[in-house]
$ cat query_21.csv   # CSV, C-alpha atoms and all ligand atoms
chain,number,residue,atom,x,y,z
A,1,MET,CA,216.7,148.6,93.8
A,2,ARG,CA,214.3,151.1,95.0
A,3,VAL,CA,212.9,153.5,92.4
A,4,THR,CA,211.4,156.7,93.5
A,5,ALA,CA,209.8,159.1,91.0
A,6,THR,CA,207.2,161.8,90.9
A,7,VAL,CA,204.3,160.4,88.8
A,8,ASN,CA,201.4,162.7,88.0
A,9,GLY,CA,202.5,165.1,90.7
A,10,VAL,CA,202.6,162.4,93.4
A,11,ARG,CA,205.7,160.8,94.8
A,12,HIS,CA,205.8,157.1,94.1
A,13,GLN,CA,208.1,154.4,95.3
A,14,ALA,CA,208.7,150.9,94.1
A,15,ASP,CA,210.9,148.3,95.9
A,16,ASP,CA,212.8,145.3,94.7
A,17,VAL,CA,212.9,146.6,91.2
A,18,TRP,CA,215.4,145.0,88.7
A,19,PRO,CA,217.2,148.0,87.2
A,20,GLY,CA,216.7,146.6,83.7
A,21,GLU,CA,213.0,146.1,83.8
A,22,SER,CA,211.0,148.7,81.9
A,23,LEU,CA,209.5,151.8,83.3
A,24,LEU,CA,206.3,150.7,81.6
A,25,PHE,CA,206.3,147.5,83.8
A,26,VAL,CA,207.0,149.6,86.9
A,27,LEU,CA,204.2,152.0,86.2
A,28,ARG,CA,201.7,149.3,85.4
A,29,GLU,CA,202.6,146.5,87.7
A,30,ARG,CA,204.3,148.2,90.6
A,31,MET,CA,202.7,151.6,90.8
A,32,GLY,CA,199.2,150.7,89.9
A,33,LEU,CA,199.0,152.9,86.8
A,34,PRO,CA,197.8,150.7,84.0
A,35,GLY,CA,196.7,153.5,81.6
A,36,SER,CA,199.9,153.2,79.5
A,37,LYS,CA,199.5,150.2,77.4
A,38,ASN,CA,202.0,147.5,76.4
A,39,ALA,CA,201.4,146.5,72.8
A,40,CYS,CA,204.8,145.8,71.4
A,41,GLU,CA,207.4,146.4,74.1
A,42,GLN,CA,209.8,147.3,71.4
A,43,GLY,CA,209.4,151.0,70.9
A,44,GLU,CA,207.4,150.5,67.7
A,45,CYS,CA,203.7,151.3,68.5
A,46,GLY,CA,203.7,154.3,70.8
A,47,SER,CA,200.9,152.9,73.0
A,48,CYS,CA,203.1,153.3,76.1
A,49,THR,CA,203.9,157.0,75.5
A,50,ILE,CA,204.4,159.0,78.6
A,51,TYR,CA,206.1,162.3,79.5
A,52,LEU,CA,209.5,161.9,81.1
A,53,ASP,CA,210.8,165.2,82.4
A,54,GLY,CA,208.4,166.8,80.0
A,55,ILE,CA,209.5,164.9,76.9
A,56,PRO,CA,207.3,162.2,75.3
A,57,VAL,CA,209.0,158.8,75.4
A,58,CYS,CA,208.1,155.2,75.0
A,59,ALA,CA,208.0,153.9,78.6
A,60,CYS,CA,208.8,150.4,77.3
A,61,LEU,CA,212.2,151.6,76.2
A,62,VAL,CA,213.1,153.3,79.5
A,63,ALA,CA,214.9,151.2,82.1
A,64,ALA,CA,213.4,151.4,85.5
A,65,GLY,CA,216.7,152.6,86.9
A,66,GLN,CA,216.7,155.6,84.5
A,67,ALA,CA,213.4,156.8,86.1
A,68,GLN,CA,215.0,157.3,89.5
A,69,GLY,CA,214.2,160.9,90.7
A,70,ARG,CA,212.5,161.8,87.4
A,71,ASP,CA,209.2,163.6,86.8
A,72,ILE,CA,206.7,161.4,84.9
A,73,VAL,CA,203.2,162.2,83.6
A,74,THR,CA,201.1,159.3,82.3
A,75,VAL,CA,197.8,159.4,80.6
A,76,GLU,CA,196.1,159.2,84.0
A,77,GLY,CA,197.8,162.6,84.7
A,78,LEU,CA,196.1,164.4,81.8
A,79,ALA,CA,192.7,164.5,83.5
A,80,GLY,CA,191.9,167.2,86.1
A,81,SER,CA,192.4,166.6,89.8
A,82,ASP,CA,188.6,166.4,90.0
A,83,GLY,CA,188.5,163.6,87.5
A,84,SER,CA,187.3,165.8,84.6
A,85,LEU,CA,188.7,164.7,81.3
A,86,HIS,CA,191.2,166.9,79.5
A,87,PRO,CA,189.8,168.5,76.3
A,88,VAL,CA,192.0,166.1,74.3
A,89,GLN,CA,190.6,163.1,76.0
A,90,GLN,CA,187.0,164.4,75.6
A,91,ALA,CA,187.6,165.1,71.9
A,92,PHE,CA,188.8,161.6,71.3
A,93,ILE,CA,185.6,160.2,72.7
A,94,GLU,CA,183.3,162.6,70.9
A,95,ALA,CA,185.1,162.2,67.5
A,96,GLY,CA,184.9,158.4,67.7
A,97,ALA,CA,188.7,158.1,67.8
A,98,VAL,CA,188.5,155.3,70.4
A,99,GLN,CA,187.7,151.8,69.2
A,100,CYS,CA,189.6,149.0,71.0
A,101,GLY,CA,191.4,151.8,72.9
A,102,PHE,CA,194.8,150.1,73.0
A,103,CYS,CA,196.5,152.9,71.1
A,104,THR,CA,194.5,155.7,72.8
A,105,PRO,CA,196.7,156.4,75.9
A,106,GLY,CA,199.8,157.0,73.8
A,107,LEU,CA,197.9,159.0,71.2
A,108,LEU,CA,196.5,161.2,73.9
A,109,VAL,CA,199.9,162.0,75.3
A,110,ALA,CA,201.3,162.6,71.9
A,111,ALA,CA,198.4,164.9,70.9
A,112,HIS,CA,198.6,166.7,74.2
A,113,ASP,CA,202.3,167.3,73.6
A,114,LEU,CA,201.6,168.6,70.1
A,115,LEU,CA,198.9,171.0,71.2
A,116,ALA,CA,201.2,172.3,74.0
A,117,ARG,CA,203.7,173.2,71.3
A,118,ASP,CA,201.4,174.2,68.5
A,119,PRO,CA,197.8,175.2,69.4
A,120,ASP,CA,196.8,175.4,65.7
A,121,PRO,CA,198.6,172.6,63.9
A,122,ALA,CA,198.2,171.9,60.2
A,123,ASP,CA,197.0,168.4,59.3
A,124,ALA,CA,200.5,167.5,58.1
A,125,ASP,CA,201.9,168.6,61.5
A,126,VAL,CA,199.4,166.4,63.3
A,127,ARG,CA,200.2,163.4,61.2
A,128,GLU,CA,203.9,164.0,61.8
A,129,ALA,CA,203.5,164.5,65.5
A,130,LEU,CA,201.5,161.3,65.8
A,131,ALA,CA,203.6,159.3,63.4
A,132,GLY,CA,205.0,157.1,66.1
A,133,ASN,CA,201.6,156.0,67.4
A,134,LEU,CA,200.1,153.1,65.5
A,135,CYS,CA,196.4,152.3,65.5
A,136,ARG,CA,195.0,149.1,64.0
A,137,CYS,CA,191.3,150.1,64.3
A,138,THR,CA,190.4,153.6,63.3
A,139,GLY,CA,192.1,154.2,60.0
A,140,TYR,CA,193.4,157.4,61.6
A,141,GLU,CA,190.8,159.8,60.2
A,142,LYS,CA,188.8,159.9,63.5
A,143,ILE,CA,192.0,160.5,65.4
A,144,LEU,CA,192.8,163.5,63.1
A,145,ASP,CA,189.2,164.7,63.7
A,146,ALA,CA,189.8,164.4,67.4
A,147,VAL,CA,192.9,166.5,67.4
A,148,ARG,CA,191.3,169.2,65.2
A,149,LEU,CA,188.4,169.3,67.7
A,150,ALA,CA,190.6,169.5,70.7
A,151,ALA,CA,192.7,172.2,69.2
A,152,ALA,CA,189.7,174.3,68.3
A,153,ARG,CA,188.2,173.9,71.7
A,154,LEU,CA,191.5,174.8,73.5
A,155,ARG,CA,192.0,177.8,71.3
A,156,GLY,CA,188.4,178.9,71.9
A,157,SER,CA,188.6,178.4,75.6
A,158,GLY,CA,191.9,180.2,75.9
A,159,VAL,CA,193.1,177.3,78.1
A,160,ALA,CA,196.8,176.7,77.6
A,161,VAL,CA,197.9,173.1,77.5
A,162,PRO,CA,200.2,172.5,80.5
A,163,ALA,CA,203.3,170.5,80.7
A,164,ALA,CA,204.7,171.9,77.4
A,165,PRO,CA,208.0,170.2,76.7
A,166,SER,CA,210.8,171.5,74.6
A,167,PRO,CA,209.9,172.3,71.0
A,168,ALA,CA,212.7,170.0,70.0
A,169,ALA,CA,211.0,167.0,71.6
A,170,PRO,CA,211.4,164.0,69.4
A,171,SER,CA,208.6,161.8,68.3
A,172,PRO,CA,208.4,158.5,70.2
A,173,THR,CA,209.3,156.5,67.1
A,174,GLU,CA,209.8,157.1,63.5
A,175,ALA,CA,206.9,155.2,62.0
A,176,SER,CA,204.7,157.2,59.7
A,177,LEU,CA,201.1,158.1,60.3
A,178,ALA,CA,200.9,159.6,56.9
A,179,ALA,CA,201.3,156.3,55.1
A,180,PRO,CA,200.1,153.5,57.4
A,181,SER,CA,200.4,150.1,55.9
A,182,PRO,CA,197.0,148.4,55.1
A,183,ALA,CA,197.5,146.2,58.1
A,184,GLU,CA,198.1,149.1,60.4
A,185,ALA,CA,195.3,151.2,59.0
A,186,GLY,CA,192.5,148.8,58.4
A,187,GLU,CA,192.6,145.7,60.5
A,188,ALA,CA,191.3,145.4,64.0
A,201,LIG,S1,204.6,149.1,73.9
A,201,LIG,FE1,206.1,150.7,73.9
A,201,LIG,S2,206.2,151.4,71.9
A,201,LIG,FE2,204.9,149.6,71.8
A,202,LIG,S1,191.6,152.0,68.6
A,202,LIG,FE1,193.7,152.2,67.9
A,202,LIG,S2,194.4,150.2,68.0
A,202,LIG,FE2,192.3,150.0,68.5
$ encode --input "query_21.csv" --output "structure tokens"
Amino acid sequence: MRVTATVNGVRHQADDVWPGESLLFVLRERMGLPGSKNACEQGECGSCTIYLDGIPVCACLVAAGQAQGRDIVTVEGLAGSDGSLHPVQQAFIEAGAVQCGFCTPGLLVAAHDLLARDPDPADADVREALAGNLCRCTGYEKILDAVRLAAARLRGSGVAVPAAPSPAAPSPTEASLAAPSPAEAGEA
């Protein structure tokens, strides 16, 4: 089948798509957008988080056929049209929240979504919002620092975070950031 969707504001088309293959595969392998990462392909890690019609979802759990005619924003779409990094992206770099970087695209989308809904989140709200995004490198503290930094800068600049989805948007998965297992929190 042919899949046509708007991705990061641009109309994209992919041909000869098996309807059951994942949207993550279509984005990475057919549309040339490798930013979203494939770490588990089971909806467990959040590394493939994208916006689908304004709602964060795990792209590995979306069938390609379901993406037909939809509006998609990937991590590549967070940056400005001039290539400038979004404040959330910049904050992750400056706070040291990027190590191997495999979790980073999903975390950026999830953090972007949080700050669109809540420009001044409490730490508990940040942990809850990012609970579906697993990181095996950082121990999470630098990620929390990055979100705090991005939130402060966005509030200070008066820049609203675009692409705000519904406040009722669900987390990509139900795993808990608040209580990562030792393996999730400490091992590279
Ligand atoms: S690759 Fe999609 S949730 Fe892990
Ligand atoms: S930086 Fe998070 S998994 Fe490596």
$ closest_residue --input "query_21.csv" --among "A:Leu149, A:Ala59, A:Leu114, A:Leu130" --to "Ser36 in chain A" --atoms "only C-alpha atoms"
A:Ala59
$ residues_around --input "query_21.csv" --residues "Val17 in chain A" --least-positions-apart "6" --cutoff "9 Å" --atoms "all atoms listed in the file" --output "list in words"
Met1, Arg2, Val3, Val26, Arg30, Ala64 and Gly65 of chain A
$ closest_residue --input "query_21.csv" --among "A:Thr4, A:Gln42, A:Gln90, A:Ser47" --to "Leu107 in chain A" --atoms "only C-alpha atoms"
A:Ser47
$ closest_atom_pairs --input "query_21.csv" --of "chain A" --to "ligand LIG 201 (chain A)" --cutoff "10 Å" --atoms "all atoms listed in the file" --output "tab-separated table"
residue	atom	partner	partner_atom	distance
A:Ser22	CA	A:LIG201	FE1	9.6
A:Leu24	CA	A:LIG201	FE1	7.7
A:Ser36	CA	A:LIG201	S1	8.4
A:Lys37	CA	A:LIG201	S1	6.3
A:Asn38	CA	A:LIG201	S1	3.9
A:Ala39	CA	A:LIG201	S1	4.3
A:Cys40	CA	A:LIG201	FE2	3.8
A:Glu41	CA	A:LIG201	S1	3.9
A:Gln42	CA	A:LIG201	FE2	5.4
A:Gly43	CA	A:LIG201	S2	3.4
A:Glu44	CA	A:LIG201	S2	4.5
A:Cys45	CA	A:LIG201	FE2	3.9
A:Gly46	CA	A:LIG201	S2	4.0
A:Ser47	CA	A:LIG201	FE2	5.3
A:Cys48	CA	A:LIG201	FE1	4.5
A:Thr49	CA	A:LIG201	FE1	6.9
A:Ile50	CA	A:LIG201	FE1	9.7
A:Val57	CA	A:LIG201	S2	8.7
A:Cys58	CA	A:LIG201	FE1	5.0
A:Ala59	CA	A:LIG201	FE1	6.0
A:Cys60	CA	A:LIG201	FE1	4.4
A:Leu61	CA	A:LIG201	FE1	6.6
A:Val62	CA	A:LIG201	FE1	9.3
A:Phe102	CA	A:LIG201	S1	9.9
A:Cys103	CA	A:LIG201	FE2	9.1
A:Gly106	CA	A:LIG201	S2	8.7
A:Gly132	CA	A:LIG201	S2	8.2
A:Asn133	CA	A:LIG201	S2	7.9
A:Leu134	CA	A:LIG201	FE2	8.7
A:Pro172	CA	A:LIG201	S2	7.6
A:Thr173	CA	A:LIG201	S2	7.7
$ closest_atom_pairs --input "query_21.csv" --of "chain A" --to "ligand LIG 202 (chain A)" --cutoff "8 Å" --atoms "only C-alpha atoms and all ligand atoms" --output "CSV"
residue,atom,partner,partner_atom,distance
A:Ala97,CA,A:LIG202,S1,6.8
A:Val98,CA,A:LIG202,S1,4.9
A:Gln99,CA,A:LIG202,S1,4.0
A:Cys100,CA,A:LIG202,FE2,3.8
A:Gly101,CA,A:LIG202,S1,4.3
A:Phe102,CA,A:LIG202,S2,5.0
A:Cys103,CA,A:LIG202,FE1,4.3
A:Thr104,CA,A:LIG202,FE1,6.1
A:Leu134,CA,A:LIG202,S2,6.9
A:Cys135,CA,A:LIG202,FE1,3.6
A:Arg136,CA,A:LIG202,S2,4.2
A:Cys137,CA,A:LIG202,FE2,4.3
A:Thr138,CA,A:LIG202,S1,5.7
A:Ala188,CA,A:LIG202,FE2,6.5
$ residues_near_point --input "query_21.csv" --point "(201.7, 153.3, 88.3)" --cutoff "10 Å" --atoms "only C-alpha atoms" --output "PyMOL selection string"
chain A and resi 7-8+12-14+23-36+74+76
$ atom_distance --input "query_21.csv" --atom1 "CA of Ser84 in chain A" --atom2 "CA of Asp145 in chain A"
21.0 Å
